Structure formats: structure tokens, C-alpha cells
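Input: a single structure, listed below in C-alpha cells.
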Amino acid sequence: MSNRDLVTPGTQIGKGNLRLREGVFREGNEIFSSVVGLVDRRGNSIRVIPLAGAYIPNPGDRVIAMVTEVQFMGWMTFLRSPTPGILKVGEVPQRFDPIEGNLVEILATGDLIFTEVISVNKYMQIKLSMRDPQLRKLMGGRIFTIDPVKVPRVIGRRGSMISMLKRAISEEIIVGQNGIIWARCENIEQEELLKRILEKIEAESHTSGLTNRVKEILKEEVGSG
């Protein structure tokens, strides 16, 4: 079995004393895939990268979330994970008096935010922060969604794919690790082009040459890629 081979659950992908990572299991001396995905063997470790799945947060992930509830000292948010994200008022860089102020003045239900996961405990309690200057409330724009496991393909190796999309369509594109993407384009045509390309990336993420195919579409549509 070679790297990047597409496998299904139960496919034997190796044997011997390899270190098992996600998406695989062992029976005796043989190693099998537990998901539909791509084989990834590096050194003495092996895993299968799933082609579909829910967003499982990790500390350091930057995600796009929607405020679902305003509480006394913070907000509950939806970020496509099994449990909601918790954003405490102390993690938002604005002065707030809990006696005289109103949290709705900072963030209200339905607001979109670019935020960072700072911790996840064993009970899947997810704590968020917006302390970094790059993290902020997102105004206007349009939301797109893809499978969270396809996010690396949207970003590309060393940021090649997302850089190309920003040059050709809009500089204001933010990709969340949870598969939520926000973009503010100049017109509906740009929005629809971005939507079409994201759908292509999601459908063809397991194939080689994807960046070049996207580049050709951009050249045809906007003359650059």
C-alpha cells in the first residue's frame, strides 16, 4: 500500500511494529483502515486521513463561530463541533463593566467571529479567545462551508491555494479550521466563482494536480491565477 492510496474501512494497509495514529487499527500483526481516506505513512508511523468527518477542535485552531447565546459573563457559540464553544468576556479585548454594561453591545446572538481554541478538556468543553489582534467580529461578507478535513487542501502547501484565491478573487477570505469560510467579495460573480472552486476542492481533494486545475479556472474566469 502506497502513500495517498484511497482506502475503505477494513482495508489492510500495513503490518509489523508501526506506530498507529488516527484512522487505523491493528489485528495481530496486520494494520487496517477504520475510515474512508488516504494512507499516510511517515517513518515508523501510519494513519489514514479521513475524507469526511466532524470538526474535532484542538488548542491553537483558528475557527469561525456563530454566537448562539449571550450569558452573564460570556457567550456560547456554534463551531460545528460536538459541543459549543465558550467565549468568556475576559478573552475579548474590550473593556466591559458587568454591572453597568451589556454584553450584547460587544457580541449579539447571530454574530460571526474569527476566534481561537485555547483549550479542550476531556469532557469536550471548548474555551475560545479573541485576544490576538487578527481575531475579530466578522462584518458583512458571505459564509461557505466545506468538510473540516478538506481545509488543508483549501489552504494548500505553504498556503499556495488560499494565496491564489485571494489574489484572483478577494483579499478578504478567512478559512476556519472547522470548515467554515468567510469572504467579502466585490460582487455576486466573485462569490459564485469562489463557491464553485470550493466545491471543486471538496470533491477532488484526494486527487493530484488540483492546484493547477484551479489555476486554469481562475485564468479563464478572471485572467489570473
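Starting from 1 in every chain, residues are counted up; chains themselves are A, B, ... following the order of the C-alpha cells, and ligands are numbered from 1 as listed.
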
Kindly assemble as a tab-separated table a list of the range 141-180 of chain A residues that lie within 12 Å of range 81-95 of chain A, each paired with its nearest atom pair and their distance in Å to one decimal, using only C-alpha atoms, sorted first by chain and then by ascending residue number.
```
residue	atom	partner	partner_atom	distance
A:Asp147	CA	A:Ser81	CA	11.9
A:Pro148	CA	A:Ser81	CA	10.1
A:Gln177	CA	A:Ser81	CA	11.0
A:Asn178	CA	A:Ser81	CA	7.8
A:Gly179	CA	A:Ser81	CA	10.5
A:Ile180	CA	A:Ser81	CA	11.5
```

Take the residues from that selection and write them out as a CSV table (one decimal), in the first residue's frame, keeping N, CA and C atoms.
```
chain,number,residue,atom,x,y,z
A,147,ASP,N,-16.2,20.3,4.3
A,147,ASP,CA,-15.9,19.3,5.3
A,147,ASP,C,-14.6,19.7,6.0
A,148,PRO,N,-14.6,19.7,7.3
A,148,PRO,CA,-13.4,20.2,8.0
A,148,PRO,C,-12.1,19.5,7.6
A,177,GLN,N,-10.5,26.4,10.7
A,177,GLN,CA,-10.1,25.0,10.7
A,177,GLN,C,-11.4,24.1,10.9
A,178,ASN,N,-12.5,24.7,11.2
A,178,ASN,CA,-13.7,24.0,11.4
A,178,ASN,C,-14.5,23.9,10.0
A,179,GLY,N,-13.9,24.3,9.0
A,179,GLY,CA,-14.5,24.2,7.7
A,179,GLY,C,-15.5,25.3,7.3
A,180,ILE,N,-15.6,26.3,8.1
A,180,ILE,CA,-16.4,27.5,7.8
A,180,ILE,C,-15.5,28.5,7.2
```

Alpha helix (DSSP H) positions in range 69-220 of chain A, given as a PyMOL selection string: chain A and resi 151-155+160-168+188-203+210-220

Atomic separation - CA of Gln190 in chain A relative to CA of Gly209 in chain A, Å: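 CA of Gly209 in chain A sits 23.2 Å away from CA of Gln190 in chain A.
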
Separation of CA of Phe78 in chain A from CA of Glu189 in chain A, in Å and rounded to one decimal: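 Between these atoms lies a distance of 28.7 Å.
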
Computed interatomic separation between CA of Leu112 in chain A and CA of Leu138 in chain A (Å):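 CA of Leu138 in chain A lies at a distance of 5.4 Å from CA of Leu112 in chain A.
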
Selection: 10 Å around Ile162 in chain A, only C-alpha atoms, excl. self and same-chain fewer than 5 positions, as a list in words: Pro152, Arg153, Val154, Ile155, Gly156, Arg157, Arg167, Ala168, Glu171, Ile173, Ile174 and Val175 of chain A

Give me, as a Markdown table, each residue of range 111-175 of chain A that comes within 10 Å of range 55-59 of chain A, together with its shortest interatomic pair and the distance in Å at one decimal, counting only C-alpha atoms, with rows ordered by chain and rising residue number.
```
| residue | atom | partner | partner_atom | distance |
| --- | --- | --- | --- | --- |
| A:Glu116 | CA | A:Pro59 | CA | 7.8 |
| A:Val117 | CA | A:Pro59 | CA | 5.0 |
| A:Ile118 | CA | A:Pro59 | CA | 4.8 |
| A:Ser119 | CA | A:Pro59 | CA | 5.1 |
| A:Val120 | CA | A:Pro59 | CA | 6.6 |
| A:Asn121 | CA | A:Asn58 | CA | 9.9 |
| A:Met124 | CA | A:Pro57 | CA | 8.7 |
| A:Ile126 | CA | A:Pro57 | CA | 7.7 |
| A:Lys127 | CA | A:Pro59 | CA | 8.9 |
| A:Leu128 | CA | A:Pro59 | CA | 9.1 |
| A:Asp147 | CA | A:Tyr55 | CA | 8.2 |
| A:Pro148 | CA | A:Tyr55 | CA | 5.6 |
| A:Val149 | CA | A:Tyr55 | CA | 7.7 |
```

Take the selection from the previous step and output its residues with C-alpha atoms, as a PDB file, in the first residue's frame.
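Wrote it out as part-v5.pdb, contents follow:
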```
ATOM      1  CA  GLU A 116      -9.098  30.689  18.537  1.00  0.00           C
ATOM      2  CA  VAL A 117      -9.496  27.477  20.516  1.00  0.00           C
ATOM      3  CA  ILE A 118      -7.368  27.837  23.648  1.00  0.00           C
ATOM      4  CA  SER A 119      -8.315  24.631  25.478  1.00  0.00           C
ATOM      5  CA  VAL A 120     -10.385  21.462  25.175  1.00  0.00           C
ATOM      6  CA  ASN A 121     -10.858  19.232  28.229  1.00  0.00           C
ATOM      7  CA  MET A 124     -15.169  18.403  25.301  1.00  0.00           C
ATOM      8  CA  ILE A 126     -14.164  24.155  24.412  1.00  0.00           C
ATOM      9  CA  LYS A 127     -12.775  27.518  25.514  1.00  0.00           C
ATOM     10  CA  LEU A 128     -12.194  30.281  22.978  1.00  0.00           C
ATOM     11  CA  ASP A 147     -15.889  19.289   5.264  1.00  0.00           C
ATOM     12  CA  PRO A 148     -13.374  20.183   8.018  1.00  0.00           C
ATOM     13  CA  VAL A 149     -10.923  17.507   6.872  1.00  0.00           C
TER      14      VAL A 149
END
```

Given only C-alpha atoms as the counted atoms, nearest of A:Asp61, A:Glu22, A:Asp5, A:Glu191 to Leu38 in chain A: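 Distance minimum relative to Leu38 in chain A lands on A:Asp5.
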
Close residues, range 8-10 of chain A itself excluded, 10 Å, only C-alpha atoms, min 2 positions apart in chain, as an MDAnalysis selection string: chainID A and resid 6 12:13 23:25 31:38 48 50

Limited to C-alpha atoms, could you put the picked residues into a file as a CSV table (one decimal), in the first residue's frame?
```
chain,number,residue,atom,x,y,z
A,6,LEU,CA,-7.5,5.7,-1.3
A,12,GLN,CA,-5.2,-3.9,5.1
A,13,ILE,CA,-2.7,-1.0,4.8
A,23,GLY,CA,-7.9,6.2,11.3
A,24,VAL,CA,-6.3,2.8,11.7
A,25,PHE,CA,-6.5,-0.3,14.0
A,31,ILE,CA,-2.9,-3.0,10.3
A,32,PHE,CA,-6.2,-1.9,8.8
A,33,SER,CA,-8.0,1.3,7.9
A,34,SER,CA,-11.1,2.2,10.0
A,35,VAL,CA,-12.3,5.0,7.7
A,36,VAL,CA,-12.6,6.0,4.1
A,37,GLY,CA,-9.5,8.1,3.4
A,38,LEU,CA,-5.9,8.4,2.2
A,48,VAL,CA,-5.5,7.2,7.3
A,50,PRO,CA,-10.4,10.7,6.5
```

Shell around Gly14 in chain A at 12 Å using only C-alpha atoms, local window under 2 positions removed, as a ChimeraX atom specification: /A:1-3,7,10-12,16-20,24-33,39-41,44-48

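Among the candidates A:Ile49, A:Val67, A:Met130, A:Met139, the one nearest to Thr115 in chain A when counting only C-alpha atoms is A:Met130.
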